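**Q** Sharing a structure here in structure tokens format.
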Amino acid sequence: MSTLSERILDAPAGDYVDRKVDRAFACDGTGMLALEAWKSMGASNLSHKTEFSLFFDHIAPANNTPTATLQHELREFAKSSLMRFSDIGGGICHQLMGEGIVHPGEIVIGADSHSVTLGAFGAFATGVGATDMAAIWLTGETWFRVPESIGIHLEGRFTGAAEAKDLALSYVGKLGTDGAAYQALEFIGDGVKDLSVDERMVLCNLSVEVGAKTGLFYADDVTVRYLRERGHIVKPQLSDTCTYRRDMDFDLADVVPLVAVPHRVDTVKPVEDLAGLPVDQVFIGTCTNGRYSDLARFARIVKGKKVAIRTLVVPASVTVLGQAIRTGVLADIVEAGCTLGTPGCGPCLGAHMGVLGEEEVCLSTANRNFKNRMGVGGVIYLSSVATAAASALEGEITVPEVA
Amino acid sequence: MQVEGHAVCLPADIDTDVVIAGRYLRTKDRSVWAAHVFEDLDPALAPRLKGAVIVAGKNFGCGSSREQAAIAIREAGTVAVIAPSFARIFFRNAINIGLPLIEADIICDEGAPIKINLVQGVVEVSENLYNVPTLSPHMQEILDAGGLVEYWRKRL
């Protein structure tokens, strides 16, 4: 009679526990600060308890000489420490960890807030900062306060142009930016079985935007099949009946295309309320919506047409990029007039590769629209892939047609 | 462990992008972060943080896991942050770099002197006493050591 978080952490909600970390990863941003902490601790050897990875995704390739110099030092450390290393162009840490590395039931820690994405596999996955990561490199363990959980009960199927991102924005709007602080979201109910792993990753990804420690799905046949296709045999997790601190119900058939307006993720409105708002840049990508299914959906809408404004498409990983090349999706995207970026975070965090000018408006498929995040004075609206595609063709926020 | 300073009042839902913007992250020079702390919220705020106790609204430090946010606040001279709630990664980061946090909902009086006794869980503002929650024993141990780096340096 436990929540999935309680089961994986093997303790009741509210307890403080020390736990072995199965997999831990950092990126180029947090990694360099973690390396500094690691050196200051006087540490020399990585713990053998944990499988470690390092991904260059946030500013990849480097935008200037100081960044390149810092990345050079971190790259040398990664190689000498023999941890898994993915250099520039490999893609986003959360996506790559989700391409067959993370398995159900594991405790996974990433030095990035969107590490919650990996709860889609029935793992307990959460983010920490750089110094916590350095301590995990050292000990292979960290402490947790076992979270209480909110049950997100899903039923039905998406209709019209609605997609998982719209459902994610819907629950963020209902819960607010701290509505799940210190708690976990568990996505359950009959509606889950029709959701792909990609869609589950979208729903888990946004859980940190309501302050949640993580978002989780039980591993089921969909998870088992996804991992089997990537060469891994895992078992489904049988769900337990349990009492949640709070329950929320969503009928997927009721979900409509939504937009989060500046500068808060929890300020969401139906797309039709904003229809006609001029847009300067559309950005398709990130750990939220840069997967192959997103690129394919985008391509279906823009194929044979031309985008009206600058449109940046950044695949979440080199695997995604390869698949988009092989299936012709990439050709459709490029021939529609879109610009292709190196697999990684793209301009999401405002450091390179498509930042905004003053007073420019971006419609992005990312997860954060904080003030000045993509450039000083630029404003960010967040939407689904379908809304972004329809808007790219018109040059203004546009209600997507049935996909 | 006692700290004291003058109150600097901030609103709710302060995200770490607004504490220190992504464009300033790629350096080891911590003075850069201190110089640009809260720049996108109020460019005049940074100098006022010397010896300050930040008293903020709920959900302080939400968003990105960037530890530079906690470091920037501390390097600018802030001695503690009080808020009704903190985003969990910011909470861990702050304790890990030796910046005391107090979870409490107190009325902020800009510039007023604030005294904090972290071990007893008492905050004194303009002669008003507030009882506040104390940290878990492990977190208090990390804070007492001066942060998680010092905590481990003493044990290796």
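All residue names refer to the structure tokens as shown: chains lettered A, B, ... in order, residues numbered from 1 in each chain, ligands numbered from 1 in order.
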Fewer than 3 positions away in the same chain doesn't count, so skip those; otherwise give me all residues within 9 Å of B:His36, counting only C-alpha atoms, as a list in words.
**A**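 Within the cut-off, the hits are Val19, Ile20, Ala21, Tyr24, Ser31, Val32, Trp33, Glu39, Asp40, Pro43, Ala46 and Ala72 of chain B.
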**Q** Write out as JSON, numbers by chain which residues come within 6 Å of A:Val108 when counting only C-alpha atoms, dropping same-chain ones fewer than 5 positions away.
**A** {"A": [22, 23, 24, 125]}
**Q** Could you pull the residues within 8 Å of stretch 225-236 of chain A, counting only C-alpha atoms, minus those fewer than 4 positions along the same chain, as a short mmCIF file (atom, residue, chain, number, x, y, z; two decimals) with N, CA and C atoms, in the first residue's frame?
**A**
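Generated file (out.cif):
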```cif
data_model
loop_
_atom_site.label_atom_id
_atom_site.label_comp_id
_atom_site.auth_asym_id
_atom_site.auth_seq_id
_atom_site.Cartn_x
_atom_site.Cartn_y
_atom_site.Cartn_z
N GLU A 99 17.09 6.87 -23.58
CA GLU A 99 17.17 6.04 -24.80
C GLU A 99 17.74 4.66 -24.48
N GLY A 100 17.38 4.14 -23.30
CA GLY A 100 17.76 2.78 -22.95
C GLY A 100 18.71 2.66 -21.77
N HIS A 103 16.35 2.31 -16.21
CA HIS A 103 15.42 1.18 -16.11
C HIS A 103 14.44 1.39 -14.95
N PRO A 104 13.29 0.73 -15.01
CA PRO A 104 12.30 0.86 -13.94
C PRO A 104 12.88 0.49 -12.57
N VAL A 197 5.93 6.36 -24.53
CA VAL A 197 7.00 6.78 -23.63
C VAL A 197 7.33 8.25 -23.85
N TYR A 218 4.14 4.16 -13.63
CA TYR A 218 4.52 2.76 -13.45
C TYR A 218 5.01 2.22 -14.79
N ALA A 219 6.08 1.43 -14.76
CA ALA A 219 6.51 0.75 -15.99
C ALA A 219 5.45 -0.28 -16.35
N ASP A 220 4.99 -0.24 -17.61
CA ASP A 220 3.97 -1.18 -18.07
C ASP A 220 4.40 -1.80 -19.40
N ASP A 221 3.46 -2.36 -20.13
CA ASP A 221 3.81 -3.01 -21.41
C ASP A 221 4.45 -2.03 -22.39
#
```
**Q** In Å to one decimal, how far is atom CA of A:Ser53 from atom CA of A:Thr67?
**A**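 These atoms are spaced 20.1 Å apart.
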**Q** Per DSSP on the backbone, what are the alpha helix (DSSP H) residues of stretch 32-262 of chain A, as a VMD selection string?
**A** chain A and resid 32 to 41 65 to 81 93 to 97 130 to 139 164 to 175 197 to 205 221 to 229
**Q** Could you write out that same residue set with C-alpha atoms as a tab-separated table (two decimals), in the first residue's frame?
**A**
```
chain	number	residue	atom	x	y	z
A	32	MET	CA	32.06	22.28	-14.28
A	33	LEU	CA	30.84	23.56	-10.93
A	34	ALA	CA	30.64	19.96	-9.66
A	35	LEU	CA	34.23	19.40	-10.79
A	36	GLU	CA	35.33	22.47	-8.84
A	37	ALA	CA	33.54	21.19	-5.71
A	38	TRP	CA	35.00	17.71	-6.27
A	39	LYS	CA	38.54	19.10	-6.40
A	40	SER	CA	37.94	21.29	-3.33
A	41	MET	CA	36.74	18.23	-1.41
A	65	THR	CA	36.56	30.92	-25.82
A	66	PRO	CA	35.98	31.08	-22.03
A	67	THR	CA	33.18	28.47	-22.33
A	68	ALA	CA	35.31	26.29	-24.61
A	69	THR	CA	38.18	26.45	-22.12
A	70	LEU	CA	35.93	25.40	-19.22
A	71	GLN	CA	34.47	22.60	-21.34
A	72	HIS	CA	37.96	21.41	-22.29
A	73	GLU	CA	38.82	20.90	-18.61
A	74	LEU	CA	35.56	19.06	-17.95
A	75	ARG	CA	36.00	16.89	-21.05
A	76	GLU	CA	39.46	15.83	-19.89
A	77	PHE	CA	38.06	14.97	-16.45
A	78	ALA	CA	35.25	12.90	-17.99
A	79	LYS	CA	37.71	10.94	-20.12
A	80	SER	CA	40.20	10.35	-17.31
A	81	SER	CA	37.49	9.31	-14.84
A	93	CYS	CA	21.10	14.48	-21.02
A	94	HIS	CA	17.47	13.58	-20.18
A	95	GLN	CA	16.79	12.31	-23.68
A	96	LEU	CA	19.97	10.22	-23.86
A	97	MET	CA	19.37	8.75	-20.39
A	130	ALA	CA	26.49	20.77	-8.55
A	131	THR	CA	27.87	20.21	-5.04
A	132	ASP	CA	25.35	17.45	-4.34
A	133	MET	CA	26.53	15.81	-7.59
A	134	ALA	CA	30.17	16.07	-6.51
A	135	ALA	CA	29.26	14.32	-3.25
A	136	ILE	CA	27.49	11.57	-5.25
A	137	TRP	CA	30.61	11.13	-7.42
A	138	LEU	CA	32.43	10.61	-4.14
A	139	THR	CA	30.01	8.41	-2.18
A	164	ALA	CA	0.66	15.62	-24.07
A	165	LYS	CA	2.18	19.11	-23.79
A	166	ASP	CA	-1.30	20.62	-23.55
A	167	LEU	CA	-2.17	18.22	-20.72
A	168	ALA	CA	1.11	19.13	-19.00
A	169	LEU	CA	0.37	22.87	-19.28
A	170	SER	CA	-3.13	22.12	-18.02
A	171	TYR	CA	-1.94	20.48	-14.80
A	172	VAL	CA	0.71	23.19	-14.29
A	173	GLY	CA	-2.02	25.81	-14.62
A	174	LYS	CA	-4.22	24.01	-12.09
A	175	LEU	CA	-1.49	23.28	-9.53
A	197	VAL	CA	7.00	6.78	-23.63
A	198	ASP	CA	7.62	10.10	-25.42
A	199	GLU	CA	4.30	11.46	-24.14
A	200	ARG	CA	5.04	10.23	-20.62
A	201	MET	CA	8.39	12.00	-20.72
A	202	VAL	CA	6.59	15.26	-21.58
A	203	LEU	CA	4.24	14.87	-18.62
A	204	CYS	CA	7.08	14.05	-16.20
A	205	ASN	CA	9.27	16.82	-17.62
A	221	ASP	CA	3.81	-3.01	-21.41
A	222	VAL	CA	4.54	0.25	-23.24
A	223	THR	CA	7.72	0.77	-21.19
A	224	VAL	CA	8.77	-2.86	-21.56
A	225	ARG	CA	8.35	-2.73	-25.34
A	226	TYR	CA	10.23	0.59	-25.64
A	227	LEU	CA	13.19	-0.74	-23.71
A	228	ARG	CA	13.12	-4.10	-25.50
A	229	GLU	CA	13.40	-2.24	-28.84
```
**Q** List every residue of stretch 25-261 of chain A that DSSP, applied to the backbone of this structure, places in strand (DSSP E or B), and write the result as a VMD selection string.
**A** chain A and resid 25 to 27 51 to 55 84 to 86 91 107 to 110 124 to 127 141 to 145 149 to 155 184 to 188 214 to 217 246 to 251 258 to 260
**Q** Suppose we keep C-alpha atoms; can you now write the selection as a compact mmCIF listing (two decimals), in the first residue's frame?
**A**
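Generated output (result_27.txt):
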```txt
# COMPACT_ATOMS: atom_id res chain seq x y z
CA PHE A 25 24.56 12.38 -14.54
CA ALA A 26 25.64 15.97 -15.02
CA CYS A 27 25.84 18.32 -17.99
CA GLU A 51 26.97 4.43 -12.94
CA PHE A 52 28.01 7.99 -13.91
CA SER A 53 27.46 9.98 -17.09
CA LEU A 54 28.35 13.44 -18.36
CA PHE A 55 26.60 15.12 -21.28
CA ARG A 84 30.12 7.70 -19.83
CA PHE A 85 30.74 10.84 -21.84
CA SER A 86 28.61 12.36 -24.60
CA GLY A 91 22.06 15.55 -27.37
CA ILE A 107 17.15 5.78 -8.27
CA VAL A 108 18.43 8.30 -10.81
CA ILE A 109 19.94 11.69 -9.96
CA GLY A 110 20.79 14.37 -12.49
CA PHE A 124 12.69 7.70 -8.99
CA ALA A 125 14.43 10.48 -10.89
CA THR A 126 15.15 13.93 -9.55
CA GLY A 127 17.50 16.87 -9.88
CA GLU A 141 24.78 7.97 -2.19
CA THR A 142 22.62 10.90 -1.26
CA TRP A 143 19.85 11.78 1.18
CA PHE A 144 16.15 12.09 0.40
CA ARG A 145 13.05 13.16 2.22
CA SER A 149 2.37 12.05 -3.71
CA ILE A 150 -0.38 13.61 -5.75
CA GLY A 151 -2.33 11.11 -7.84
CA ILE A 152 -2.95 12.41 -11.37
CA HIS A 153 -5.73 10.15 -12.66
CA LEU A 154 -5.92 10.06 -16.46
CA GLU A 155 -8.71 8.66 -18.57
CA ALA A 184 5.77 13.65 -6.28
CA LEU A 185 3.22 13.38 -9.09
CA GLU A 186 2.07 9.87 -9.95
CA PHE A 187 0.33 9.51 -13.30
CA ILE A 188 -2.14 6.64 -13.15
CA THR A 214 9.57 14.04 -9.46
CA GLY A 215 6.79 12.75 -11.69
CA LEU A 216 6.36 9.02 -12.20
CA PHE A 217 4.59 6.44 -14.34
CA ARG A 246 -4.38 14.77 -3.19
CA ASP A 247 -6.10 13.44 -6.30
CA MET A 248 -6.65 15.19 -9.60
CA ASP A 249 -8.68 13.83 -12.53
CA PHE A 250 -8.11 14.58 -16.19
CA ASP A 251 -10.12 13.30 -19.13
CA LEU A 258 -2.95 25.76 -24.48
CA VAL A 259 -0.26 28.41 -24.26
CA ALA A 260 1.69 29.52 -21.17
```
**Q** Please provide the set of residues having any atom within 10 Å of stretch 103-115 of chain B, restricted to only C-alpha atoms, with same-chain residues fewer than 6 positions apart removed, written as a PDB file with C-alpha atoms, in the first residue's frame.
**A**
```pdb
ATOM      1  CA  GLN B   2      23.453  32.967  15.067  1.00  0.00           C
ATOM      2  CA  VAL B   3      23.289  35.375  12.153  1.00  0.00           C
ATOM      3  CA  GLU B   4      21.968  38.909  11.859  1.00  0.00           C
ATOM      4  CA  GLY B   5      21.414  41.474   9.145  1.00  0.00           C
ATOM      5  CA  HIS B   6      19.017  43.995   7.664  1.00  0.00           C
ATOM      6  CA  ALA B   7      15.850  42.908   5.892  1.00  0.00           C
ATOM      7  CA  VAL B   8      15.618  43.036   2.102  1.00  0.00           C
ATOM      8  CA  CYS B   9      12.081  42.212   0.946  1.00  0.00           C
ATOM      9  CA  LEU B  10      11.442  40.183  -2.220  1.00  0.00           C
ATOM     10  CA  ARG B  48      21.924  46.281  -0.808  1.00  0.00           C
ATOM     11  CA  ALA B  52      21.269  41.376   4.286  1.00  0.00           C
ATOM     12  CA  VAL B  53      18.677  38.860   5.375  1.00  0.00           C
ATOM     13  CA  ILE B  54      16.440  38.318   2.342  1.00  0.00           C
ATOM     14  CA  VAL B  55      12.790  37.954   3.353  1.00  0.00           C
ATOM     15  CA  ALA B  56      10.910  36.586   0.370  1.00  0.00           C
ATOM     16  CA  GLY B  57       7.521  35.167  -0.545  1.00  0.00           C
ATOM     17  CA  LYS B  58       6.794  31.487  -1.107  1.00  0.00           C
ATOM     18  CA  ALA B  80      20.439  34.220   5.313  1.00  0.00           C
ATOM     19  CA  VAL B  81      17.187  33.857   3.366  1.00  0.00           C
ATOM     20  CA  ILE B  82      13.774  33.570   5.014  1.00  0.00           C
ATOM     21  CA  ALA B  83      10.742  32.428   2.977  1.00  0.00           C
ATOM     22  CA  PRO B  84       7.538  30.460   3.663  1.00  0.00           C
ATOM     23  CA  SER B  85       8.818  27.774   1.262  1.00  0.00           C
ATOM     24  CA  PHE B  86      11.780  27.102  -1.002  1.00  0.00           C
ATOM     25  CA  PHE B  91      17.115  24.495  -0.630  1.00  0.00           C
ATOM     26  CA  GLY B 121      14.696  28.115  15.619  1.00  0.00           C
ATOM     27  CA  VAL B 122      13.994  31.702  16.607  1.00  0.00           C
ATOM     28  CA  VAL B 123      13.814  34.790  14.378  1.00  0.00           C
ATOM     29  CA  GLU B 124      13.709  38.264  15.949  1.00  0.00           C
ATOM     30  CA  VAL B 125      12.420  41.128  13.786  1.00  0.00           C
ATOM     31  CA  SER B 126      11.889  44.582  15.279  1.00  0.00           C
ATOM     32  CA  GLU B 127      11.421  42.990  18.751  1.00  0.00           C
ATOM     33  CA  ASN B 128       8.875  40.472  17.430  1.00  0.00           C
ATOM     34  CA  LEU B 129       9.885  36.846  18.043  1.00  0.00           C
ATOM     35  CA  TYR B 130       8.959  34.095  15.605  1.00  0.00           C
ATOM     36  CA  ASN B 131       9.437  30.383  16.299  1.00  0.00           C
ATOM     37  CA  VAL B 132      10.601  28.750  13.090  1.00  0.00           C
ATOM     38  CA  PRO B 133      11.399  25.152  12.043  1.00  0.00           C
ATOM     39  CA  THR B 134      14.996  24.005  12.446  1.00  0.00           C
ATOM     40  CA  LEU B 135      16.932  22.077   9.798  1.00  0.00           C
TER      41      LEU B 135
END
```
